[in-house]
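Student: Dumping the structure here so I can ask a few things about it.
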Amino acid sequence: MAEEKTTGCSGNCSSCSKSCSGHDPQSLIEPTGEYNNIKHIIGVVSGKGGVGKSLVTSSLAVLMSRMGYKVGILDADITGPSIPKTFGIKSRAMQNELGILPAETKTGIKIMSVNLMLEEADSPVIWRGPVIAGVVKQFWKDVVWGDLDYLFIDCPPGTGDVPLTVFQSIPLDGAVIVTSPQDLVSLIVKKAYNMAEMMNIPVLGIVENMSYVVCPDCKKEFHIFGSGSESVAEELGVDLLGKMPIDTSLATLVDNGDFELFKADYLENAAKEIDKKVNK
């Protein structure tokens, strides 16, 4: 899949004469809308919830945007969407004859989330798996993303219906696994890694969130949850792309909807490494 995307595949099979997995009758890959030209698609996944996957997704999107790329975020965490809040987006999604129009952040990052389609942002999404999977496909097929260099997909945790839908229906260039440094890290990462392997999705690397906290007085780093990502990354043969500490300034920016203003460079090298990997 990564090879198809890097040779110019937009995910729109209707106007393509090439023979690839998108034309394979057994393939479940869905074509995106005819007005979309998306160069690279990155899934951000985790083996469990609460590890800061949406924070990592948002960070990578902002950093890629600062590198001069056109970026979008597809919020596939349908029952726990947080991306609009992170970027201070309160408006509802609009639609015209071309399709569903994504919202845009202050710096031009395109966003689509189920929260943009609800009457009230705090309304619960009480839907069964097939309905949720259908919404994710709709965000891929019916949203007018236009020209994007990178589309990041914020997947829900685990290995259930929605991550499976993303892996099977959308031509991902690769997956980034987000984890935290507890003792369970090995099992958590391996579950996500093995799912990606089974779906033939390249794992671009691991990002460890909540890696440490810096004492405001002595500036010493304290690894309060331990560490373990280095060893599991080495065991799986993937890169540890970066580490994010517990940073209250980031939490404040998220709460205020001003995440694009962050100054921290925790994942700057991770963004550059992902860019390098998918553009080989």
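Letters A, B, ... go to the chains of the structure tokens in the order shown; residues in each chain start at 1; ligands are counted from 1 in the same order.
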I want to know what sits within 6 Å of Gly47 of chain A, based on only C-alpha atoms, with residues of the same chain fewer than 2 positions away left out; could you give that as a PDB file with N, CA, C and O atoms, in the first residue's frame?
Tutor:
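Output contents, as saved in part_5.pdb:
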ATOM      1  N   PRO A 157      -8.915   3.379  20.337  1.00  0.00           N
ATOM      2  CA  PRO A 157      -7.979   2.384  20.867  1.00  0.00           C
ATOM      3  C   PRO A 157      -8.432   0.956  20.598  1.00  0.00           C
ATOM      4  O   PRO A 157      -9.609   0.697  20.329  1.00  0.00           O
ATOM      5  N   GLY A 158      -7.482   0.034  20.689  1.00  0.00           N
ATOM      6  CA  GLY A 158      -7.802  -1.379  20.575  1.00  0.00           C
ATOM      7  C   GLY A 158      -7.736  -1.895  19.146  1.00  0.00           C
ATOM      8  O   GLY A 158      -7.199  -1.254  18.241  1.00  0.00           O
ATOM      9  N   ILE A 188       0.792  -4.150  25.120  1.00  0.00           N
ATOM     10  CA  ILE A 188      -0.050  -3.156  24.439  1.00  0.00           C
ATOM     11  C   ILE A 188       0.482  -2.865  23.046  1.00  0.00           C
ATOM     12  O   ILE A 188      -0.258  -2.863  22.057  1.00  0.00           O
ATOM     13  N   VAL A 189       1.776  -2.610  22.954  1.00  0.00           N
ATOM     14  CA  VAL A 189       2.382  -2.281  21.671  1.00  0.00           C
ATOM     15  C   VAL A 189       2.320  -3.469  20.722  1.00  0.00           C
ATOM     16  O   VAL A 189       2.022  -3.325  19.529  1.00  0.00           O
ATOM     17  N   LYS A 191       0.127  -5.855  20.540  1.00  0.00           N
ATOM     18  CA  LYS A 191      -1.222  -6.039  19.993  1.00  0.00           C
ATOM     19  C   LYS A 191      -1.438  -5.122  18.788  1.00  0.00           C
ATOM     20  O   LYS A 191      -1.925  -5.551  17.738  1.00  0.00           O
ATOM     21  N   ALA A 192      -1.099  -3.843  18.946  1.00  0.00           N
ATOM     22  CA  ALA A 192      -1.265  -2.898  17.848  1.00  0.00           C
ATOM     23  C   ALA A 192      -0.338  -3.242  16.682  1.00  0.00           C
ATOM     24  O   ALA A 192      -0.736  -3.172  15.513  1.00  0.00           O
TER      25      ALA A 192
END
Student: So which residues of segment 3-217 of chain A fall under strand (DSSP E) by DSSP, listed as number ranges by chain?
Tutor: A: 37-45, 71-75, 94-96, 99-101, 103-104, 110-112, 147-154, 174-179, 203-208, 213-214
Student: Please list as a list in words every residue within 9 Å of Ile246 of chain A, counting only C-alpha atoms and excluding residues in the same chain fewer than 6 positions away.
Tutor: Asn209, Met210, Ser211, Tyr212, Val213 and Val214 of chain A
Student: Counting only C-alpha atoms, what is within 10 Å of Val144 of chain A, bar same-chain residues fewer than 2 positions away, as a tab-separated table (two decimals) with N, CA, C and O atoms, in the first residue's frame?
Tutor:
chain	number	residue	atom	x	y	z
A	32	THR	N	-11.51	7.39	-2.36
A	32	THR	CA	-11.94	8.65	-1.76
A	32	THR	C	-12.68	9.48	-2.81
A	32	THR	O	-12.82	9.06	-3.97
A	33	GLY	N	-13.18	10.64	-2.41
A	33	GLY	CA	-13.96	11.46	-3.33
A	33	GLY	C	-13.17	11.94	-4.52
A	33	GLY	O	-11.94	12.06	-4.48
A	34	GLU	N	-13.88	12.24	-5.61
A	34	GLU	CA	-13.23	12.60	-6.86
A	34	GLU	C	-12.50	13.94	-6.78
A	34	GLU	O	-11.65	14.24	-7.62
A	35	TYR	N	-12.82	14.75	-5.78
A	35	TYR	CA	-12.18	16.06	-5.65
A	35	TYR	C	-10.98	16.01	-4.71
A	35	TYR	O	-10.40	17.04	-4.39
A	36	ASN	N	-10.62	14.81	-4.27
A	36	ASN	CA	-9.54	14.68	-3.29
A	36	ASN	C	-8.26	14.18	-3.94
A	36	ASN	O	-8.29	13.27	-4.80
A	37	ASN	N	-7.17	14.74	-3.51
A	37	ASN	CA	-5.84	14.27	-3.91
A	37	ASN	C	-4.99	14.25	-2.64
A	37	ASN	O	-4.45	15.27	-2.24
A	95	GLN	N	-22.22	21.30	4.20
A	95	GLN	CA	-22.27	20.43	3.04
A	95	GLN	C	-22.77	21.21	1.83
A	95	GLN	O	-23.62	22.08	1.96
A	96	ASN	N	-22.19	20.90	0.66
A	96	ASN	CA	-22.69	21.48	-0.57
A	96	ASN	C	-22.82	20.38	-1.61
A	96	ASN	O	-22.78	19.20	-1.27
A	98	LEU	N	-20.82	19.26	-3.65
A	98	LEU	CA	-19.60	18.45	-3.81
A	98	LEU	C	-19.45	17.40	-2.70
A	98	LEU	O	-18.82	16.37	-2.91
A	99	GLY	N	-19.99	17.67	-1.54
A	99	GLY	CA	-19.85	16.75	-0.42
A	99	GLY	C	-19.79	17.49	0.90
A	99	GLY	O	-20.19	18.65	1.01
A	100	ILE	N	-19.28	16.81	1.93
A	100	ILE	CA	-19.16	17.38	3.26
A	100	ILE	C	-17.87	18.21	3.32
A	100	ILE	O	-16.81	17.75	2.91
A	101	LEU	N	-17.98	19.42	3.84
A	101	LEU	CA	-16.82	20.31	3.91
A	101	LEU	C	-16.19	20.23	5.29
A	101	LEU	O	-16.87	20.45	6.30
A	102	PRO	N	-14.90	19.93	5.39
A	102	PRO	CA	-14.25	19.88	6.70
A	102	PRO	C	-14.10	21.26	7.30
A	102	PRO	O	-14.05	22.26	6.58
A	110	LYS	N	-7.21	20.93	8.07
A	110	LYS	CA	-8.59	20.51	7.84
A	110	LYS	C	-8.98	19.41	8.83
A	110	LYS	O	-8.21	18.47	9.05
A	112	MET	N	-12.19	16.77	10.29
A	112	MET	CA	-13.52	16.20	10.25
A	112	MET	C	-13.69	15.27	11.44
A	112	MET	O	-12.86	14.39	11.67
A	139	PHE	N	-16.50	9.68	6.20
A	139	PHE	CA	-15.49	10.73	6.37
A	139	PHE	C	-14.38	10.61	5.32
A	139	PHE	O	-13.79	11.61	4.90
A	140	TRP	N	-14.08	9.39	4.93
A	140	TRP	CA	-13.04	9.14	3.92
A	140	TRP	C	-13.56	9.43	2.51
A	140	TRP	O	-12.90	10.07	1.71
A	141	LYS	N	-14.79	8.99	2.21
A	141	LYS	CA	-15.30	9.04	0.84
A	141	LYS	C	-16.03	10.34	0.50
A	141	LYS	O	-15.94	10.84	-0.62
A	142	ASP	N	-16.78	10.88	1.47
A	142	ASP	CA	-17.70	11.98	1.16
A	142	ASP	C	-17.22	13.36	1.61
A	142	ASP	O	-17.86	14.36	1.28
A	146	GLY	N	-9.88	17.82	-0.62
A	146	GLY	CA	-9.09	18.59	-1.60
A	146	GLY	C	-7.67	18.05	-1.69
A	146	GLY	O	-7.43	16.85	-1.58
A	147	ASP	N	-6.71	18.94	-1.88
A	147	ASP	CA	-5.29	18.56	-1.98
A	147	ASP	C	-4.66	18.56	-0.60
A	147	ASP	O	-4.63	19.59	0.08
Student: In terms of the shortest atom-to-atom distance over only C-alpha atoms, which of A:Gly174, A:Gly257, A:Gly134, A:Gly129 is closest to Asp161 of chain A?
Tutor: A:Gly129
Student: Mind pulling up the distance from atom CA of Lys137 of chain A to atom CA of Thr79 of chain A?
Tutor: 15.1 Å
Student: So which one's closest to Asp255 of chain A, A:Ala175, A:Ile89, A:Ala61, A:Ile126? Using only C-alpha atoms, please.
Tutor: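 The shortest atom-to-atom distance to Asp255 of chain A comes from A:Ile89.
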Student: Compare A:Arg66, A:Lys243, A:Lys90, A:Lys219 by their minimum atom-to-atom distance to Phe262 of chain A, counting only C-alpha atoms, and give me the closest one.
Tutor: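 Selected residue with least distance to Phe262 of chain A: A:Arg66.
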Student: Quick one: pull the distance between atom CA of Asn256 of chain A and atom CA of Glu208 of chain A, Å, one decimal.
Tutor: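 Result for atom CA of Asn256 of chain A versus atom CA of Glu208 of chain A: 24.2 Å, one decimal.
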Student: What residues in segment 66-245 of chain A get the DSSP label helix (DSSP H, G or I)? Please answer as a ChimeraX atom specification.
Tutor: /A:66,83-86,114-117,129-141,161-169,185-198,229-236
Student: Fewer than 6 positions away in the same chain doesn't count, so skip those; otherwise give me all residues within 7 Å of Ile42 of chain A, counting only C-alpha atoms, as a PyMOL selection string.
Tutor: chain A and resi 151-153+172-175
Student: Please provide as a list of chain:residue names all residues within 12 Å of Glu260 of chain A, with the sequence filter that same-chain residues fewer than 6 positions apart are discarded (counting only C-alpha atoms).
Tutor: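 The filter keeps A:Leu55, A:Ser58, A:Ser59, A:Leu60, A:Ala61, A:Val62, A:Leu63, A:Met64, A:Ser65, A:Arg66, A:Ile83, A:Lys85, A:Thr86, A:Phe87, A:Gly88, A:Ile89, A:Thr105, A:Lys106, A:Thr107, A:Gly108, A:Ile109, A:Leu250, A:Thr252, A:Leu253, A:Val254.
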Student: Kindly export the residues of the current selection with N, CA, C and O atoms, as a tab-separated table (two decimals), in the first residue's frame.
Tutor:
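And here is the file that came out, result.tsv:
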chain	number	residue	atom	x	y	z
A	55	LEU	N	-3.56	13.51	21.34
A	55	LEU	CA	-2.54	14.53	21.56
A	55	LEU	C	-1.39	14.34	20.58
A	55	LEU	O	-0.88	15.31	19.99
A	58	SER	N	-2.57	15.29	17.02
A	58	SER	CA	-2.62	16.74	16.87
A	58	SER	C	-1.22	17.34	16.77
A	58	SER	O	-0.98	18.25	15.96
A	59	SER	N	-0.30	16.85	17.58
A	59	SER	CA	1.08	17.35	17.57
A	59	SER	C	1.73	17.12	16.21
A	59	SER	O	2.36	18.04	15.63
A	60	LEU	N	1.60	15.91	15.68
A	60	LEU	CA	2.21	15.59	14.39
A	60	LEU	C	1.59	16.43	13.28
A	60	LEU	O	2.29	16.90	12.37
A	61	ALA	N	0.27	16.63	13.34
A	61	ALA	CA	-0.40	17.43	12.32
A	61	ALA	C	0.11	18.87	12.33
A	61	ALA	O	0.39	19.45	11.27
A	62	VAL	N	0.22	19.46	13.51
A	62	VAL	CA	0.70	20.84	13.61
A	62	VAL	C	2.14	20.95	13.13
A	62	VAL	O	2.50	21.88	12.39
A	63	LEU	N	2.97	20.00	13.52
A	63	LEU	CA	4.38	20.04	13.12
A	63	LEU	C	4.53	19.87	11.61
A	63	LEU	O	5.37	20.55	10.99
A	64	MET	N	3.74	18.99	11.00
A	64	MET	CA	3.79	18.83	9.55
A	64	MET	C	3.31	20.11	8.86
A	64	MET	O	3.87	20.52	7.83
A	65	SER	N	2.30	20.75	9.43
A	65	SER	CA	1.82	22.02	8.87
A	65	SER	C	2.91	23.08	8.95
A	65	SER	O	3.10	23.86	8.00
A	66	ARG	N	3.65	23.11	10.05
A	66	ARG	CA	4.74	24.08	10.19
A	66	ARG	C	5.88	23.80	9.22
A	66	ARG	O	6.67	24.69	8.90
A	83	ILE	N	-10.66	15.95	18.88
A	83	ILE	CA	-9.88	16.82	17.99
A	83	ILE	C	-10.47	18.22	17.86
A	83	ILE	O	-9.73	19.22	17.97
A	85	LYS	N	-12.21	20.02	19.96
A	85	LYS	CA	-11.95	20.74	21.20
A	85	LYS	C	-10.50	21.19	21.27
A	85	LYS	O	-10.19	22.32	21.67
A	86	THR	N	-9.59	20.31	20.86
A	86	THR	CA	-8.16	20.61	20.90
A	86	THR	C	-7.82	21.86	20.09
A	86	THR	O	-6.98	22.67	20.49
A	87	PHE	N	-8.51	22.03	18.94
A	87	PHE	CA	-8.21	23.14	18.05
A	87	PHE	C	-9.22	24.28	18.15
A	87	PHE	O	-9.19	25.21	17.35
A	88	GLY	N	-10.11	24.21	19.14
A	88	GLY	CA	-11.05	25.30	19.36
A	88	GLY	C	-12.12	25.45	18.30
A	88	GLY	O	-12.64	26.54	18.08
A	89	ILE	N	-12.48	24.34	17.64
A	89	ILE	CA	-13.49	24.38	16.59
A	89	ILE	C	-14.87	24.10	17.20
A	89	ILE	O	-15.09	23.03	17.78
A	105	THR	N	-8.74	24.80	10.96
A	105	THR	CA	-8.19	25.45	12.13
A	105	THR	C	-7.62	26.82	11.73
A	105	THR	O	-7.61	27.19	10.56
A	106	LYS	N	-7.12	27.54	12.72
A	106	LYS	CA	-6.59	28.88	12.47
A	106	LYS	C	-5.44	28.87	11.47
A	106	LYS	O	-5.23	29.84	10.73
A	107	THR	N	-4.67	27.77	11.44
A	107	THR	CA	-3.53	27.70	10.52
A	107	THR	C	-3.83	26.87	9.28
A	107	THR	O	-2.93	26.56	8.51
A	108	GLY	N	-5.09	26.49	9.09
A	108	GLY	CA	-5.47	25.83	7.84
A	108	GLY	C	-5.47	24.33	7.86
A	108	GLY	O	-5.61	23.70	6.80
A	109	ILE	N	-5.34	23.69	9.02
A	109	ILE	CA	-5.44	22.23	9.11
A	109	ILE	C	-6.91	21.85	8.98
A	109	ILE	O	-7.77	22.38	9.69
A	250	LEU	N	0.72	22.00	27.68
A	250	LEU	CA	-0.01	21.41	26.57
A	250	LEU	C	-1.47	21.19	26.94
A	250	LEU	O	-2.38	21.42	26.14
A	252	THR	N	-3.21	22.88	29.06
A	252	THR	CA	-3.87	24.18	29.08
A	252	THR	C	-4.25	24.64	27.68
A	252	THR	O	-5.35	25.15	27.45
A	253	LEU	N	-3.34	24.43	26.72
A	253	LEU	CA	-3.63	24.80	25.34
A	253	LEU	C	-4.80	23.99	24.78
A	253	LEU	O	-5.64	24.53	24.05
A	254	VAL	N	-4.85	22.70	25.11
A	254	VAL	CA	-5.96	21.86	24.67
A	254	VAL	C	-7.27	22.36	25.26
A	254	VAL	O	-8.29	22.51	24.56
Student: What's around Val45 of chain A at 10 Å? Count only C-alpha atoms, leave out sequence neighbours fewer than 6 positions away in its own chain, and write the answer as a ChimeraX atom specification.
Tutor: /A:53-54,56-57,153-159,163,175-179,189,192-193,196,206
Student: Using atom CA of Met94 of chain A and atom CA of Ser113 of chain A as the two end points, give the distance in Å to one decimal.
Tutor: 12.1 Å
Student: Have a look at A:Asp247, A:Glu104, A:Asp77, A:Glu97 and name the one nearest to Ala133 of chain A; count only C-alpha atoms.
Tutor: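 Smallest distance to Ala133 of chain A is found for A:Asp77.
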Student: Using only C-alpha atoms, which of the listed residues (A:Glu234, A:Asp149, A:Asn269, A:Gln138) sits closest to Ser169 of chain A?
Tutor: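 Selected residue with least distance to Ser169 of chain A: A:Gln138.
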Student: So, counting only C-alpha atoms, which residue among A:Ile224, A:Leu28, A:Leu204, A:Leu241 is closest to Ile41 of chain A?
Tutor: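 Under the stated criterion, the closest residue is A:Leu204.
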